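Enquirer: Sending over protein.cif (mmCIF, C-alpha atoms).
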data_structure
loop_
_atom_site.group_PDB
_atom_site.id
_atom_site.type_symbol
_atom_site.label_atom_id
_atom_site.label_comp_id
_atom_site.auth_asym_id
_atom_site.auth_seq_id
_atom_site.Cartn_x
_atom_site.Cartn_y
_atom_site.Cartn_z
ATOM 1 C CA MET A 1 -16.547 -17.236 1.593
ATOM 2 C CA ARG A 2 -19.971 -16.939 3.175
ATOM 3 C CA THR A 3 -23.171 -16.699 1.127
ATOM 4 C CA GLN A 4 -22.826 -13.672 -1.108
ATOM 5 C CA ILE A 5 -25.377 -10.898 -0.696
ATOM 6 C CA THR A 6 -24.544 -7.954 -2.919
ATOM 7 C CA GLN A 7 -25.275 -4.711 -1.066
ATOM 8 C CA ILE A 8 -24.041 -2.310 -3.736
ATOM 9 C CA GLU A 9 -23.252 -2.782 -7.417
ATOM 10 C CA GLN A 10 -22.088 0.246 -9.380
ATOM 11 C CA ILE A 11 -20.330 1.220 -12.591
ATOM 12 C CA ILE A 12 -17.624 3.881 -12.366
ATOM 13 C CA ASP A 13 -17.704 5.871 -15.601
ATOM 14 C CA LYS A 14 -14.464 6.180 -17.561
ATOM 15 C CA GLN A 15 -11.990 8.722 -16.129
ATOM 16 C CA SER A 16 -14.025 9.171 -12.951
ATOM 17 C CA GLY A 17 -14.096 7.876 -9.376
ATOM 18 C CA VAL A 18 -16.092 7.148 -6.223
ATOM 19 C CA SER A 19 -15.594 6.800 -2.487
ATOM 20 C CA PHE A 20 -17.523 4.708 0.027
ATOM 21 C CA LYS A 21 -17.361 2.877 3.351
ATOM 22 C CA LEU A 22 -16.571 -0.829 3.629
ATOM 23 C CA LYS A 23 -17.083 -2.634 6.927
ATOM 24 C CA LYS A 24 -14.734 -5.240 8.391
ATOM 25 C CA GLY A 25 -15.625 -8.651 6.971
ATOM 26 C CA GLN A 26 -17.347 -7.274 3.874
ATOM 27 C CA TYR A 27 -16.077 -8.128 0.417
ATOM 28 C CA LEU A 28 -15.153 -5.728 -2.373
ATOM 29 C CA LYS A 29 -15.157 -7.087 -5.924
ATOM 30 C CA VAL A 30 -13.604 -4.881 -8.613
ATOM 31 C CA THR A 31 -14.280 -5.996 -12.190
ATOM 32 C CA ASP A 32 -12.913 -4.873 -15.551
ATOM 33 C CA PRO A 33 -16.088 -5.170 -17.672
ATOM 34 C CA GLN A 34 -14.522 -4.600 -21.078
ATOM 35 C CA GLY A 35 -10.867 -5.485 -20.495
ATOM 36 C CA GLY A 36 -7.706 -3.390 -20.529
ATOM 37 C CA GLN A 37 -8.740 -0.860 -17.854
ATOM 38 C CA VAL A 38 -6.887 0.074 -14.644
ATOM 39 C CA SER A 39 -8.534 1.049 -11.351
ATOM 40 C CA ASP A 40 -6.663 3.010 -8.659
ATOM 41 C CA MET A 41 -7.660 2.156 -5.071
ATOM 42 C CA VAL A 42 -6.769 3.891 -1.805
ATOM 43 C CA LEU A 43 -7.815 2.848 1.697
ATOM 44 C CA PHE A 44 -8.230 4.680 4.997
ATOM 45 C CA ASN A 45 -9.164 3.498 8.476
ATOM 46 C CA GLU A 46 -12.735 4.743 8.921
ATOM 47 C CA ASN A 47 -12.104 5.445 12.608
ATOM 48 C CA ASP A 48 -8.861 7.385 12.078
ATOM 49 C CA VAL A 49 -8.099 8.490 8.526
ATOM 50 C CA ARG A 50 -4.475 9.184 9.426
ATOM 51 C CA GLU A 51 -4.074 5.423 9.054
ATOM 52 C CA LYS A 52 -4.009 4.610 5.340
ATOM 53 C CA ILE A 53 -2.798 2.092 2.801
ATOM 54 C CA SER A 54 0.991 1.899 2.496
ATOM 55 C CA SER A 55 2.873 0.667 -0.546
ATOM 56 C CA GLY A 56 6.120 0.441 1.434
ATOM 57 C CA LYS A 57 4.688 -1.594 4.304
ATOM 58 C CA THR A 58 2.818 -3.900 1.928
ATOM 59 C CA LEU A 59 5.806 -4.645 -0.288
ATOM 60 C CA ASP A 60 7.944 -5.099 2.827
ATOM 61 C CA PHE A 61 5.665 -7.457 4.752
ATOM 62 C CA GLU A 62 4.467 -9.418 1.695
ATOM 63 C CA GLU A 63 8.084 -9.649 0.431
ATOM 64 C CA SER A 64 7.016 -9.045 -3.162
ATOM 65 C CA ILE A 65 6.335 -6.187 -5.557
ATOM 66 C CA LEU A 66 3.640 -8.276 -7.262
ATOM 67 C CA ILE A 67 0.572 -8.290 -5.007
ATOM 68 C CA SER A 68 -2.173 -10.778 -5.852
ATOM 69 C CA THR A 69 -4.156 -13.698 -4.390
ATOM 70 C CA SER A 70 -3.452 -14.441 -0.696
ATOM 71 C CA ASN A 71 -1.541 -11.185 -0.168
ATOM 72 C CA TYR A 72 -2.597 -8.517 2.330
ATOM 73 C CA LEU A 73 -2.656 -4.765 1.813
ATOM 74 C CA TRP A 74 -1.069 -3.132 4.878
ATOM 75 C CA SER A 75 -1.388 0.300 6.492
ATOM 76 C CA ASN A 76 1.241 2.864 7.451
ATOM 77 C CA ARG A 77 0.726 1.613 11.038
ATOM 78 C CA SER A 78 1.556 -1.977 10.063
ATOM 79 C CA ASN A 79 -2.029 -3.235 10.265
ATOM 80 C CA LYS A 80 -3.774 -5.427 7.699
ATOM 81 C CA MET A 81 -6.403 -3.497 5.732
ATOM 82 C CA MET A 82 -7.460 -5.896 2.964
ATOM 83 C CA LEU A 83 -6.893 -9.529 2.008
ATOM 84 C CA VAL A 84 -6.846 -10.457 -1.685
ATOM 85 C CA LEU A 85 -9.073 -13.536 -1.870
ATOM 86 C CA GLU A 86 -9.106 -14.025 -5.636
ATOM 87 C CA ASP A 87 -7.458 -12.327 -8.596
ATOM 88 C CA THR A 88 -8.280 -13.653 -12.055
ATOM 89 C CA ASN A 89 -5.840 -11.319 -13.818
ATOM 90 C CA GLY A 90 -2.922 -11.551 -11.400
ATOM 91 C CA ARG A 91 -1.093 -8.397 -12.452
ATOM 92 C CA ASN A 92 -1.389 -5.266 -10.324
ATOM 93 C CA ASP A 93 0.945 -2.393 -9.495
ATOM 94 C CA PHE A 94 1.891 -0.872 -6.149
ATOM 95 C CA LEU A 95 4.866 1.225 -7.276
ATOM 96 C CA LEU A 96 3.404 4.187 -9.156
ATOM 97 C CA ALA A 97 1.420 7.118 -7.759
ATOM 98 C CA PRO A 98 -2.051 8.083 -9.022
ATOM 99 C CA CYS A 99 -1.885 10.082 -12.234
ATOM 100 C CA SER A 100 -2.319 13.825 -11.661
ATOM 101 C CA LEU A 101 -2.199 17.113 -13.549
ATOM 102 C CA ALA A 102 1.555 17.108 -12.866
ATOM 103 C CA THR A 103 1.835 13.613 -14.376
ATOM 104 C CA PHE A 104 0.404 14.807 -17.673
ATOM 105 C CA LYS A 105 2.537 17.937 -17.721
ATOM 106 C CA ILE A 106 5.836 16.242 -16.824
ATOM 107 C CA MET A 107 5.448 12.872 -18.552
ATOM 108 C CA TYR A 108 3.007 13.585 -21.396
ATOM 109 C CA ASP A 109 3.897 17.258 -22.082
ATOM 110 C CA ILE A 110 0.216 18.200 -21.772
ATOM 111 C CA ASP A 111 -0.330 21.729 -20.447
ATOM 112 C CA THR A 112 -4.109 21.785 -20.815
ATOM 113 C CA TYR A 113 -6.621 20.212 -18.439
ATOM 114 C CA HIS A 114 -6.680 16.413 -18.331
ATOM 115 C CA PRO A 115 -8.789 14.207 -16.018
ATOM 116 C CA SER A 116 -6.691 12.337 -13.458
ATOM 117 C CA CYS A 117 -7.039 9.686 -10.773
ATOM 118 C CA PHE A 118 -5.614 12.038 -8.163
ATOM 119 C CA GLU A 119 -8.230 14.681 -8.911
ATOM 120 C CA ASN A 120 -11.011 12.089 -8.828
ATOM 121 C CA LEU A 121 -9.790 10.673 -5.525
ATOM 122 C CA GLU A 122 -9.425 14.132 -4.007
ATOM 123 C CA MET A 123 -12.889 15.202 -5.138
ATOM 124 C CA HIS A 124 -14.685 12.103 -3.850
ATOM 125 C CA LEU A 125 -12.772 11.692 -0.585
ATOM 126 C CA LYS A 126 -13.600 15.241 0.557
ATOM 127 C CA GLN A 127 -16.899 13.969 1.946
ATOM 128 C CA PHE A 128 -14.835 12.071 4.539
ATOM 129 C CA ASP A 129 -12.608 15.086 5.355
ATOM 130 C CA ILE A 130 -9.676 13.518 3.510
ATOM 131 C CA ASN A 131 -7.573 16.133 1.730
ATOM 132 C CA ALA A 132 -5.186 16.039 -1.219
ATOM 133 C CA ASP A 133 -2.075 15.766 0.954
ATOM 134 C CA ASP A 134 -3.572 12.717 2.684
ATOM 135 C CA ILE A 135 -3.829 10.655 -0.509
ATOM 136 C CA PRO A 136 -1.150 7.926 -0.627
ATOM 137 C CA THR A 137 0.247 5.799 -3.432
ATOM 138 C CA ALA A 138 -2.685 3.799 -4.766
ATOM 139 C CA PHE A 139 -2.964 0.060 -5.272
ATOM 140 C CA ASN A 140 -3.313 0.047 -9.064
ATOM 141 C CA ILE A 141 -5.628 -2.829 -9.910
ATOM 142 C CA PHE A 142 -4.976 -4.466 -13.326
ATOM 143 C CA MET A 143 -2.037 -2.108 -14.007
ATOM 144 C CA ASN A 144 0.820 -3.755 -15.915
ATOM 145 C CA VAL A 145 4.120 -2.183 -14.831
ATOM 146 C CA GLN A 146 7.212 -3.999 -16.061
ATOM 147 C CA PHE A 147 10.819 -3.559 -14.989
ATOM 148 C CA ASP A 148 14.091 -4.647 -16.535
ATOM 149 C CA GLU A 149 17.293 -5.930 -14.919
ATOM 150 C CA ALA A 150 18.523 -2.371 -14.413
ATOM 151 C CA GLY A 151 15.316 -1.408 -12.637
ATOM 152 C CA LYS A 152 13.939 0.687 -15.503
ATOM 153 C CA LEU A 153 10.146 0.872 -15.280
ATOM 154 C CA SER A 154 7.760 0.771 -18.216
ATOM 155 C CA VAL A 155 3.964 0.883 -18.270
ATOM 156 C CA LYS A 156 2.383 -1.629 -20.637
ATOM 157 C CA PRO A 157 -1.282 -2.152 -21.574
ATOM 158 C CA PRO A 158 -3.202 -4.120 -18.947
ATOM 159 C CA LEU A 159 -3.392 -7.878 -19.411
ATOM 160 C CA SER A 160 -6.935 -7.994 -18.044
ATOM 161 C CA ILE A 161 -9.692 -9.262 -20.331
ATOM 162 C CA ALA A 162 -13.408 -8.575 -20.111
ATOM 163 C CA GLY A 163 -14.790 -9.962 -16.866
ATOM 164 C CA ASP A 164 -11.504 -10.234 -14.971
ATOM 165 C CA PHE A 165 -11.909 -9.314 -11.303
ATOM 166 C CA ILE A 166 -10.144 -9.019 -7.986
ATOM 167 C CA LEU A 167 -11.942 -9.869 -4.737
ATOM 168 C CA PHE A 168 -10.915 -8.351 -1.392
ATOM 169 C CA GLU A 169 -12.009 -8.933 2.197
ATOM 170 C CA ALA A 170 -11.877 -5.911 4.522
ATOM 171 C CA GLN A 171 -9.748 -6.476 7.622
ATOM 172 C CA MET A 172 -10.992 -3.297 9.344
ATOM 173 C CA ASP A 173 -13.692 -0.673 8.828
ATOM 174 C CA LEU A 174 -12.528 1.266 5.780
ATOM 175 C CA ILE A 175 -13.057 4.297 3.617
ATOM 176 C CA VAL A 176 -12.301 3.347 0.019
ATOM 177 C CA GLY A 177 -11.439 5.585 -2.920
ATOM 178 C CA LEU A 178 -11.721 3.903 -6.334
ATOM 179 C CA THR A 179 -11.258 5.155 -9.895
ATOM 180 C CA ALA A 180 -11.447 4.198 -13.522
ATOM 181 C CA CYS A 181 -7.953 5.371 -14.434
ATOM 182 C CA SER A 182 -7.407 8.383 -16.677
ATOM 183 C CA ALA A 183 -3.833 7.824 -17.950
ATOM 184 C CA GLU A 184 -3.394 6.844 -21.598
ATOM 185 C CA ASP A 185 -0.309 4.657 -21.090
ATOM 186 C CA SER A 186 -1.829 2.764 -18.169
ATOM 187 C CA ASN A 187 -4.878 1.737 -20.208
ATOM 188 C CA GLY A 188 -3.419 0.989 -23.623
ATOM 189 C CA GLY A 189 -4.569 4.351 -25.007
ATOM 190 C CA THR A 190 -8.290 3.897 -24.283
ATOM 191 C CA PHE A 191 -10.601 4.676 -21.362
ATOM 192 C CA LYS A 192 -13.345 2.373 -20.152
ATOM 193 C CA PRO A 193 -15.532 1.926 -17.048
ATOM 194 C CA ILE A 194 -14.853 -0.125 -13.926
ATOM 195 C CA LYS A 195 -17.460 -2.083 -11.979
ATOM 196 C CA PHE A 196 -17.424 -2.656 -8.247
ATOM 197 C CA GLU A 197 -19.599 -4.598 -5.833
ATOM 198 C CA ILE A 198 -19.835 -4.534 -2.036
ATOM 199 C CA ILE A 199 -20.797 -8.014 -0.827
ATOM 200 C CA GLY A 200 -21.869 -9.117 2.632
#
Please lay out the structure from this file as structure tokens.

Expert:
Amino acid sequence: MRTQITQIEQIIDKQSGVSFKLKKGQYLKVTDPQGGQVSDMVLFNENDVREKISSGKTLDFEESILISTSNYLWSNRSNKMMLVLEDTNGRNDFLLAPCSLATFKIMYDIDTYHPSCFENLEMHLKQFDINADDIPTAFNIFMNVQFDEAGKLSVKPPLSIAGDFILFEAQMDLIVGLTACSAEDSNGGTFKPIKFEIIG
């Protein structure tokens, strides 16, 4: 990796999110400052937001459901969007959708308002004219989803410890949505901040 010059360094408060542009060749470093916190990430082609990150294409082309170091994140048009350069935790999820109000009603039996990754992504991506129906399945950084021999899924507390990070290299000009996840099960029952840096 070339000499690192950090352009942006920011903390995402617990149960909140951000969106920003990332140019081809720049690096994105997402860090879990305290440990045990998930971050949902979605990607869009800056020049045509109809092209976006695809769980199906990524799992297909990378031939794995466990995406980590040396894997690419692919778009719905079969183009590379990000390369994972380094992943100190090594456990991420690309199966489950961002938590939403419906998630908490259906899975948690919560009828009152609850912050969600979907709401945070929708709110922050509006500045780029990206609407709710455009938001795809997120790449869930540090999320620990397990599955048994029958295919039954279970969400366990993240394995990440304080300071664990994942480093990406942009393969095209991107719009990025990033959260500090709001779901109790995904984060071991607690909510903490996420740090990100744009480098290069």

Enquirer: Between A:Ala132, A:Leu73, A:Arg50, A:Gly35, which one has atoms that come closest to A:Ala162, using all atoms listed in the file?

Expert: A:Gly35

Enquirer: I'd like to know which of A:Pro193, A:Gly36, A:Pro115, A:Gly17 is closest to A:Pro157, using all atoms listed in the file.

Expert: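 Answer, going by the shortest atom-to-atom distance: A:Gly36.
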
Enquirer: As an MDAnalysis selection string, please: the residues near A:Leu28 (cut-off 6 Å, only C-alpha atoms, same-chain neighbours under 5 positions excluded).

Expert: chainID A and resid 167:168 197:198

Enquirer: Once the PyMOL selection byres ((chain A and resi 117) around 10) has been evaluated on this model, what residues remain selected, and can you format them as a list of chain:residue names?

Expert: A:Gln15, A:Ser16, A:Gly17, A:Ser39, A:Asp40, A:Met41, A:Ala97, A:Pro98, A:Cys99, A:Ser100, A:Leu101, A:Pro115, A:Ser116, A:Phe118, A:Glu119, A:Asn120, A:Leu121, A:Glu122, A:Met123, A:Ala138, A:Gly177, A:Leu178, A:Thr179, A:Ala180, A:Cys181, A:Ser182, A:Ala183

Enquirer: Which residues, written as a VMD selection string, have at least one atom at most 8 Å from A:Val42, with all atoms listed in the file counted and residues fewer than 5 positions away on the same chain left out?

Expert: chain A and resid 52 to 53 135 to 139 176 to 178

Enquirer: Given only C-alpha atoms as the basis, pick out the residue of A:Asp111, A:Asp134, A:Asp173, A:Glu62 nearest to A:Lys24.

Expert: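 Among the listed residues, the smallest separation from A:Lys24 belongs to A:Asp173.
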
Enquirer: Tell me, as an NGL selection string, which residues lie within 6 Å of A:Met81, counting only C-alpha atoms; anything in the same chain fewer than 3 positions away does not count.

Expert: :A and (73-74 or 171-172)

Enquirer: Have a look at A:Ile175, A:Leu83, A:Ile199, A:Leu66 and name the one nearest to A:Met143; count all atoms listed in the file.

Expert: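 Looking at the shortest contact to A:Met143, the residue is A:Leu66.
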
Enquirer: Go ahead and compute the interatomic distance for atom CA of A:Asn92 and atom CA of A:Asn144, in Å to one decimal.

Expert: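 That distance, rounded to one decimal, is 6.2 Å.
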
Enquirer: Would you translate the PyMOL selection byres ((chain A and resi 158-160) around 10) into the concrete set of residues it matches in this file, as number ranges by chain?

Expert: A: 31-38, 88-92, 141-145, 155-157, 161-165, 185-188

Enquirer: Using the chain letters and numbers from the file, which residues does the PyMOL selection byres ((chain A and resi 128) around 10) grab, as a list of chain:residue names?

Expert: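 Evaluating the PyMOL selection byres ((chain A and resi 128) around 10) on this file yields A:Ser19, A:Phe20, A:Lys21, A:Phe44, A:Glu46, A:Val49, A:His124, A:Leu125, A:Lys126, A:Gln127, A:Asp129, A:Ile130, A:Asn131, A:Ile175.
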
Enquirer: Quote the spacing between atom CA of A:Lys152 and atom CA of A:Leu96 in Å to one decimal place.

Expert: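 Atom CA of A:Leu96 lies 12.8 Å from atom CA of A:Lys152.
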
Enquirer: Identify which of the residues A:Asn45, A:Glu149, A:Ser75, A:Thr69 lies closest to A:Lys57, counting all atoms listed in the file when measuring atom-to-atom distances.

Expert: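 Comparing A:Asn45, A:Glu149, A:Ser75, A:Thr69 against A:Lys57, the winner is A:Ser75.
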
Enquirer: Pick out the closest residue to A:Gly56 from this set: A:Ile110, A:Leu95, A:Ala102, A:Val18. Count all atoms listed in the file.

Expert: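 For A:Gly56, the nearest of the candidates is A:Leu95.
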
Enquirer: Please report the interatomic distance between atom CA of A:Ile166 and atom CA of A:Val30 in Å with one decimal.

Expert: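 Atom CA of A:Val30 lies at a distance of 5.4 Å from atom CA of A:Ile166.
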